[in-house]
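Below you'll find the structure, written out as structure tokens, and then a few comments.
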Amino acid sequence: MKKFNLILLFSLALLAELPTLSDMLKQKSISLYDIKSAKSPKPTYQGKILEILYAKPYTYINIAEIHPNIKEGDNNTFWVVANEVNAKINDIIRFQQEMVIDKFTSDVLKKEFNNLMFVSNIEYKID
């Protein structure tokens, strides 16, 4: 029992000497903000809406990407899906890529998409 008490007292003494997370962050040149911003940014795309398919609560949008490196006539179209969007055909939208799934099938639409990009932060009617 004496051995256990000594180990317990030693452990408590060590714990009392440990700095808190806040203290450690103050001593270092890194902050929680730096850790959060260290993630690589999500790709952002912009394009013109060619087609819209609704399958509540989702909206599937066929996009013709607008980018300085894409020339007219290039195959620059792809499908994206997002939570319900109130955009119209020919609107210009901007969005962030979350993930891409190959060979995605929508049971509601009964349609398979070769590549479907799940997106967020949609801004539309961009001039």
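If you're wondering about the labels, chains in the structure tokens are A, B, ... by order shown, residues count from 1 in each chain, ligands from 1 in order shown.
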Considering only C-alpha atoms, return as an MDAnalysis selection string whatever protein or nucleic-acid residues lie within 9 Å of A:Ile93, sequence-local ones (same chain, fewer than 3 positions apart) excluded. chainID A and resid 45:49 63 87 122:126
Counting only C-alpha atoms, what are the residues of stretch 48-89 of chain A within 10 Å of stretch 94-109 of chain A, and for each of them which pair of atoms is the nearest and at what distance in Å, to one decimal? Sort the table by chain and rising number, as a Markdown table.
| residue | atom | partner | partner_atom | distance |
| --- | --- | --- | --- | --- |
| A:Lys48 | CA | A:Arg94 | CA | 9.1 |
| A:Leu53 | CA | A:Leu109 | CA | 8.1 |
| A:Tyr54 | CA | A:Leu109 | CA | 8.3 |
| A:Ala55 | CA | A:Val108 | CA | 6.3 |
| A:Lys56 | CA | A:Val108 | CA | 8.9 |
| A:Tyr60 | CA | A:Leu109 | CA | 9.6 |
| A:Glu65 | CA | A:Arg94 | CA | 9.6 |
| A:Ile66 | CA | A:Arg94 | CA | 9.6 |
| A:Trp79 | CA | A:Val100 | CA | 9.9 |
| A:Val80 | CA | A:Val100 | CA | 8.8 |
| A:Val81 | CA | A:Val100 | CA | 9.9 |
| A:Ala82 | CA | A:Phe95 | CA | 9.6 |
Residue nearest A:Ser120 - candidates A:Pro43, A:Pro57, A:Gly73, A:Pro68, atoms counted: only C-alpha atoms: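 When distances to A:Ser120 are compared using only C-alpha atoms, the smallest one comes from A:Pro43.
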Can you tell me how far atom CA of A:Glu84 sits from atom CA of A:Leu50, in Å to one decimal?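 So the answer is 16.6 Å.
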